[in-house]
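Raw upload11.pdb, PDB, C-alpha atoms:
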MODEL        1
ATOM      1  CA  LEU A  30     184.101 -95.351  32.266  1.00  0.00           C
ATOM      2  CA  LYS A  31     181.948 -98.213  31.221  1.00  0.00           C
ATOM      3  CA  GLU A  32     183.580-100.578  33.701  1.00  0.00           C
ATOM      4  CA  HIS A  33     183.195 -98.006  36.433  1.00  0.00           C
ATOM      5  CA  SER A  34     179.538 -97.426  35.612  1.00  0.00           C
ATOM      6  CA  GLU A  35     178.846-101.160  35.520  1.00  0.00           C
ATOM      7  CA  GLU A  36     180.441-101.571  38.944  1.00  0.00           C
ATOM      8  CA  ASP A  37     178.322 -98.758  40.285  1.00  0.00           C
ATOM      9  CA  SER A  38     175.145-100.201  38.869  1.00  0.00           C
ATOM     10  CA  HIS A  39     175.917-103.618  40.367  1.00  0.00           C
ATOM     11  CA  SER A  40     177.021-102.391  43.763  1.00  0.00           C
ATOM     12  CA  GLY A  41     174.094-100.066  44.221  1.00  0.00           C
ATOM     13  CA  SER A  42     176.299 -97.263  45.595  1.00  0.00           C
ATOM     14  CA  SER A  43     175.483 -94.813  42.862  1.00  0.00           C
ATOM     15  CA  ASN A  44     172.884 -92.095  43.360  1.00  0.00           C
ATOM     16  CA  VAL A  45     171.389 -91.068  40.049  1.00  0.00           C
ATOM     17  CA  ASP A  46     169.172 -88.095  39.451  1.00  0.00           C
ATOM     18  CA  LYS A  47     166.944 -89.456  36.717  1.00  0.00           C
ATOM     19  CA  SER A  48     165.748 -86.057  35.542  1.00  0.00           C
ATOM     20  CA  SER A  49     169.135 -84.367  35.107  1.00  0.00           C
ATOM     21  CA  GLY A  50     171.190 -87.338  34.040  1.00  0.00           C
ATOM     22  CA  THR A  51     173.886 -86.580  36.630  1.00  0.00           C
ATOM     23  CA  GLY A  52     174.857 -88.867  39.399  1.00  0.00           C
ATOM     24  CA  THR A  53     177.206 -89.205  42.302  1.00  0.00           C
ATOM     25  CA  ASP A  54     179.399 -92.161  42.886  1.00  0.00           C
ATOM     26  CA  ALA A  55     180.542 -93.590  46.234  1.00  0.00           C
ATOM     27  CA  SER A  56     183.024 -90.752  46.702  1.00  0.00           C
ATOM     28  CA  GLY A  57     180.325 -88.108  46.115  1.00  0.00           C
ATOM     29  CA  ASN A  58     181.824 -86.816  42.875  1.00  0.00           C
ATOM     30  CA  GLY A  59     179.301 -85.763  40.219  1.00  0.00           C
ATOM     31  CA  SER A  60     179.305 -87.863  37.078  1.00  0.00           C
ATOM     32  CA  THR A  61     177.694 -87.449  33.667  1.00  0.00           C
ATOM     33  CA  THR A  62     178.272 -91.054  32.702  1.00  0.00           C
ATOM     34  CA  GLU A  63     174.613 -91.843  33.283  1.00  0.00           C
ATOM     35  CA  SER A  64     173.567 -89.900  30.198  1.00  0.00           C
ATOM     36  CA  ARG A  65     176.091 -91.853  28.170  1.00  0.00           C
ATOM     37  CA  ARG A  66     174.875 -95.064  29.728  1.00  0.00           C
ATOM     38  CA  THR A  67     171.259 -94.176  29.010  1.00  0.00           C
ATOM     39  CA  GLY A  68     172.141 -93.349  25.421  1.00  0.00           C
ATOM     40  CA  SER A  69     174.140 -96.523  25.035  1.00  0.00           C
ATOM     41  CA  SER A  70     171.451 -98.659  26.675  1.00  0.00           C
ATOM     42  CA  GLU A  71     168.911 -97.198  24.250  1.00  0.00           C
ATOM     43  CA  ASP A  72     171.324 -98.028  21.447  1.00  0.00           C
ATOM     44  CA  ASP A  73     171.750-101.496  22.922  1.00  0.00           C
ATOM     45  CA  THR A  74     167.999-101.891  23.237  1.00  0.00           C
ATOM     46  CA  GLN A  75     167.541-100.754  19.653  1.00  0.00           C
ATOM     47  CA  ALA A  76     170.285-103.118  18.485  1.00  0.00           C
ATOM     48  CA  ILE A  77     168.632-105.987  20.367  1.00  0.00           C
ATOM     49  CA  LYS A  78     165.272-105.079  18.867  1.00  0.00           C
ATOM     50  CA  ASN A  79     166.809-104.959  15.394  1.00  0.00           C
ATOM     51  CA  ALA A  80     168.531-108.311  15.944  1.00  0.00           C
ATOM     52  CA  LEU A  81     165.279-109.855  17.188  1.00  0.00           C
ATOM     53  CA  ALA A  82     163.407-108.354  14.249  1.00  0.00           C
ATOM     54  CA  ARG A  83     165.958-109.791  11.811  1.00  0.00           C
ATOM     55  CA  GLN A  84     165.760-113.154  13.511  1.00  0.00           C
ATOM     56  CA  GLU A  85     161.953-113.113  13.487  1.00  0.00           C
ATOM     57  CA  THR A  86     161.964-112.041   9.835  1.00  0.00           C
ATOM     58  CA  LYS A  87     164.230-114.976   8.982  1.00  0.00           C
ATOM     59  CA  GLN A  88     161.974-117.324  10.917  1.00  0.00           C
ATOM     60  CA  VAL A  89     158.855-115.964   9.198  1.00  0.00           C
ATOM     61  CA  PHE A  90     160.573-116.359   5.815  1.00  0.00           C
ATOM     62  CA  ARG A  91     161.547-119.940   6.673  1.00  0.00           C
ATOM     63  CA  LEU A  92     157.999-120.648   7.797  1.00  0.00           C
ATOM     64  CA  ARG A  93     156.625-119.225   4.537  1.00  0.00           C
ATOM     65  CA  VAL A  94     159.028-121.370   2.530  1.00  0.00           C
ATOM     66  CA  LEU A  95     158.054-124.411   4.595  1.00  0.00           C
ATOM     67  CA  VAL A  96     154.332-123.749   4.075  1.00  0.00           C
ATOM     68  CA  ILE A  97     154.858-123.292   0.328  1.00  0.00           C
ATOM     69  CA  LEU A  98     156.865-126.526   0.135  1.00  0.00           C
ATOM     70  CA  VAL A  99     154.190-128.398   2.086  1.00  0.00           C
ATOM     71  CA  LEU A 100     151.490-127.019  -0.227  1.00  0.00           C
ATOM     72  CA  ILE A 101     153.501-127.988  -3.315  1.00  0.00           C
ATOM     73  CA  ALA A 102     154.125-131.467  -1.923  1.00  0.00           C
ATOM     74  CA  ALA A 103     150.431-131.916  -1.040  1.00  0.00           C
ATOM     75  CA  ALA A 104     149.286-130.688  -4.458  1.00  0.00           C
ATOM     76  CA  THR A 105     151.790-132.947  -6.213  1.00  0.00           C
ATOM     77  CA  SER A 106     150.884-136.023  -4.201  1.00  0.00           C
ATOM     78  CA  ILE A 107     147.143-135.449  -4.679  1.00  0.00           C
ATOM     79  CA  SER A 108     147.612-134.880  -8.413  1.00  0.00           C
ATOM     80  CA  VAL A 109     149.740-138.005  -8.827  1.00  0.00           C
ATOM     81  CA  THR A 110     147.278-140.091  -6.810  1.00  0.00           C
ATOM     82  CA  ILE A 111     144.321-138.857  -8.863  1.00  0.00           C
ATOM     83  CA  TYR A 112     146.271-139.459 -12.082  1.00  0.00           C
ATOM     84  CA  PHE A 113     146.988-143.079 -11.182  1.00  0.00           C
ATOM     85  CA  ILE A 114     143.402-143.706 -10.049  1.00  0.00           C
ATOM     86  CA  ILE A 115     141.994-142.237 -13.266  1.00  0.00           C
ATOM     87  CA  GLN A 116     144.546-144.065 -15.410  1.00  0.00           C
ATOM     88  CA  SER A 117     143.645-147.363 -13.737  1.00  0.00           C
ATOM     89  CA  ALA A 118     139.918-146.744 -14.241  1.00  0.00           C
ATOM     90  CA  ASP A 119     140.506-145.744 -17.875  1.00  0.00           C
ATOM     91  CA  MET A 120     142.555-148.874 -18.510  1.00  0.00           C
ATOM     92  CA  GLU A 121     139.801-151.061 -17.008  1.00  0.00           C
ATOM     93  CA  GLN A 122     137.150-149.293 -19.063  1.00  0.00           C
ATOM     94  CA  PHE A 123     139.262-149.581 -22.220  1.00  0.00           C
ATOM     95  CA  GLN A 124     139.875-153.284 -21.574  1.00  0.00           C
ATOM     96  CA  LEU A 125     136.166-153.970 -21.076  1.00  0.00           C
ATOM     97  CA  GLN A 126     135.241-151.964 -24.147  1.00  0.00           C
ATOM     98  CA  TYR A 127     137.937-153.702 -26.190  1.00  0.00           C
ATOM     99  CA  GLU A 128     136.787-157.159 -25.118  1.00  0.00           C
ATOM    100  CA  GLY A 129     133.143-156.303 -25.888  1.00  0.00           C
ATOM    101  CA  THR A 130     134.007-154.972 -29.338  1.00  0.00           C
ATOM    102  CA  ALA A 131     136.315-157.923 -30.062  1.00  0.00           C
ATOM    103  CA  ASN A 132     133.568-160.378 -29.066  1.00  0.00           C
ATOM    104  CA  LYS A 133     131.096-158.606 -31.366  1.00  0.00           C
ATOM    105  CA  LEU A 134     133.612-158.765 -34.201  1.00  0.00           C
ATOM    106  CA  VAL A 135     134.292-162.476 -33.622  1.00  0.00           C
ATOM    107  CA  ASP A 136     130.546-163.186 -33.571  1.00  0.00           C
ATOM    108  CA  ALA A 137     130.050-161.235 -36.819  1.00  0.00           C
ATOM    109  CA  LEU A 138     132.937-163.054 -38.464  1.00  0.00           C
ATOM    110  CA  GLN A 139     131.568-166.421 -37.363  1.00  0.00           C
ATOM    111  CA  LEU A 140     128.205-165.569 -38.887  1.00  0.00           C
ATOM    112  CA  ALA A 141     129.949-164.499 -42.083  1.00  0.00           C
ATOM    113  CA  LEU A 142     131.854-167.793 -42.118  1.00  0.00           C
ATOM    114  CA  VAL A 143     128.633-169.757 -41.742  1.00  0.00           C
ATOM    115  CA  ASP A 144     127.136-167.809 -44.635  1.00  0.00           C
ATOM    116  CA  MET A 145     130.257-168.359 -46.722  1.00  0.00           C
ATOM    117  CA  ALA A 146     130.220-172.088 -45.903  1.00  0.00           C
ATOM    118  CA  ALA A 147     126.634-172.426 -47.031  1.00  0.00           C
ATOM    119  CA  ILE A 148     127.275-170.521 -50.264  1.00  0.00           C
ATOM    120  CA  SER A 149     130.500-172.400 -50.926  1.00  0.00           C
ATOM    121  CA  GLY A 150     128.652-175.691 -50.430  1.00  0.00           C
ATOM    122  CA  ILE A 151     126.238-174.752 -53.189  1.00  0.00           C
ATOM    123  CA  ALA A 152     129.121-173.661 -55.434  1.00  0.00           C
ATOM    124  CA  VAL A 153     130.978-176.908 -54.859  1.00  0.00           C
ATOM    125  CA  ASN A 154     127.828-178.848 -55.786  1.00  0.00           C
ATOM    126  CA  ALA A 155     127.457-176.813 -58.958  1.00  0.00           C
ATOM    127  CA  ILE A 156     131.050-177.491 -59.952  1.00  0.00           C
ATOM    128  CA  VAL A 157     130.748-181.197 -59.187  1.00  0.00           C
ATOM    129  CA  GLU A 158     127.629-181.492 -61.296  1.00  0.00           C
ATOM    130  CA  ALA A 159     129.183-179.482 -64.146  1.00  0.00           C
ATOM    131  CA  VAL A 160     132.215-181.765 -64.237  1.00  0.00           C
ATOM    132  CA  GLU A 161     130.227-184.969 -64.394  1.00  0.00           C
ATOM    133  CA  GLU A 162     130.812-186.725 -67.662  1.00  0.00           C
ATOM    134  CA  ASP A 163     127.283-187.543 -68.528  1.00  0.00           C
ATOM    135  CA  LYS A 164     126.079-183.931 -68.444  1.00  0.00           C
ATOM    136  CA  THR A 165     125.699-182.253 -71.790  1.00  0.00           C
ATOM    137  CA  GLU A 166     125.100-178.824 -70.308  1.00  0.00           C
ATOM    138  CA  THR A 167     127.996-176.433 -69.854  1.00  0.00           C
ATOM    139  CA  TRP A 168     128.518-173.584 -67.546  1.00  0.00           C
ATOM    140  CA  PRO A 169     126.514-171.134 -67.147  1.00  0.00           C
ATOM    141  CA  PHE A 170     123.622-173.169 -68.597  1.00  0.00           C
ATOM    142  CA  LEU A 171     123.662-175.736 -65.858  1.00  0.00           C
ATOM    143  CA  THR A 172     120.841-177.086 -63.768  1.00  0.00           C
ATOM    144  CA  MET A 173     121.504-178.702 -60.470  1.00  0.00           C
ATOM    145  CA  SER A 174     119.509-181.571 -59.143  1.00  0.00           C
ATOM    146  CA  ASP A 175     117.675-180.792 -55.902  1.00  0.00           C
ATOM    147  CA  PHE A 176     118.636-177.104 -56.101  1.00  0.00           C
ATOM    148  CA  GLN A 177     115.641-175.922 -54.050  1.00  0.00           C
ATOM    149  CA  GLU A 178     116.506-178.208 -51.102  1.00  0.00           C
ATOM    150  CA  ARG A 179     120.179-177.265 -51.158  1.00  0.00           C
ATOM    151  CA  ALA A 180     119.463-173.535 -51.460  1.00  0.00           C
ATOM    152  CA  GLY A 181     116.779-173.720 -48.727  1.00  0.00           C
ATOM    153  CA  SER A 182     119.210-175.521 -46.439  1.00  0.00           C
ATOM    154  CA  ALA A 183     121.881-172.923 -47.109  1.00  0.00           C
ATOM    155  CA  ARG A 184     119.366-170.136 -46.468  1.00  0.00           C
ATOM    156  CA  ARG A 185     118.299-171.610 -43.124  1.00  0.00           C
ATOM    157  CA  THR A 186     121.922-172.202 -42.083  1.00  0.00           C
ATOM    158  CA  SER A 187     122.971-168.659 -42.920  1.00  0.00           C
ATOM    159  CA  GLY A 188     120.235-167.173 -40.783  1.00  0.00           C
TER     160      GLY A 188
ENDMDL
END
What do you get writing this file as structure tokens?
Amino acid sequence: LKEHSEEDSHSGSSNVDKSSGTGTDASGNGSTTESRRTGSSEDDTQAIKNALARQETKQVFRLRVLVILVLIAAATSISVTIYFIIQSADMEQFQLQYEGTANKLVDALQLALVDMAAISGIAVNAIVEAVEEDKTETWPFLTMSDFQERAGSARRTSG
């Protein structure tokens, strides 16, 4: 029946009464195949609509997944870029701060060494004078010659 109805629809020789669903073919015989064809074409239309809807739903889902992946990739790349920029800036700041603190420490140690050198110079003089053979004084009752000049020089040197 389906082949016959398709031939009739292509040849144009079928007269169909749209309201009753009956038709006549080329021989004039009444046929009720039109109601079946209408029902099946509605089923076909519905099946096509369902297939298109499924296909569109898949495409929408794929698009959503793609958008989510693009957003994740953008967020990751921005985060990594910011991390490296901040890490680089922090390393530069740390390096500058480290060098400044190290220079202050070296300067303080140099001043301490100057002070220690001046004090040790006085101590060496005291020991040398205490060891001299002609001195009758013993440690701690020792007087140094030119103590005020040596101490003043050490005081000026130490700052």
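Across the structure, atom CA of Gly150 of chain A and atom CA of Leu171 of chain A are spaced 16.2 Å apart.
Between atom CA of Arg179 of chain A and atom CA of Ile151 of chain A the separation is 6.9 Å.
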Item to complete: Rank nothing, just name the residue among A:Ala104, A:Ala183, A:Leu125, A:Ile97 nearest to Met145 of chain A, using all atoms listed in the file.
Response: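 Using all atoms listed in the file, Met145 of chain A sits closest to A:Ala183.
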| message | If I take atom CA of Ala137 of chain A and atom CA of Ala118 of chain A, how far is one from the other in Å, to one decimal? | response |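 It comes out at 28.6 Å.
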Report task. With a distance cut-off of 12 Å and all atoms listed in the file, select the neighbouring residues of Ala180 of chain A, excluding the residue or stretch itself and same-chain residues fewer than 3 positions from it, and output the selection as a list in words. Result -> Asp144, Ala147, Ile148, Ser149, Gly150, Ile151, Ala152, Asn154, Ala155, Met173, Ser174, Asp175, Phe176, Gln177, Ala183, Arg184, Arg185, Thr186 and Ser187 of chain A
Kindly compute an axis-aligned box around the listed atoms of segment 106-114 of chain A, allowing 3 Å on each side, and express its centre and edge lengths in Å to one decimal as JSON.
{"center_x": 147.1, "center_y": -139.3, "center_z": -8.1, "size_x": 13.5, "size_y": 14.8, "size_z": 13.9}
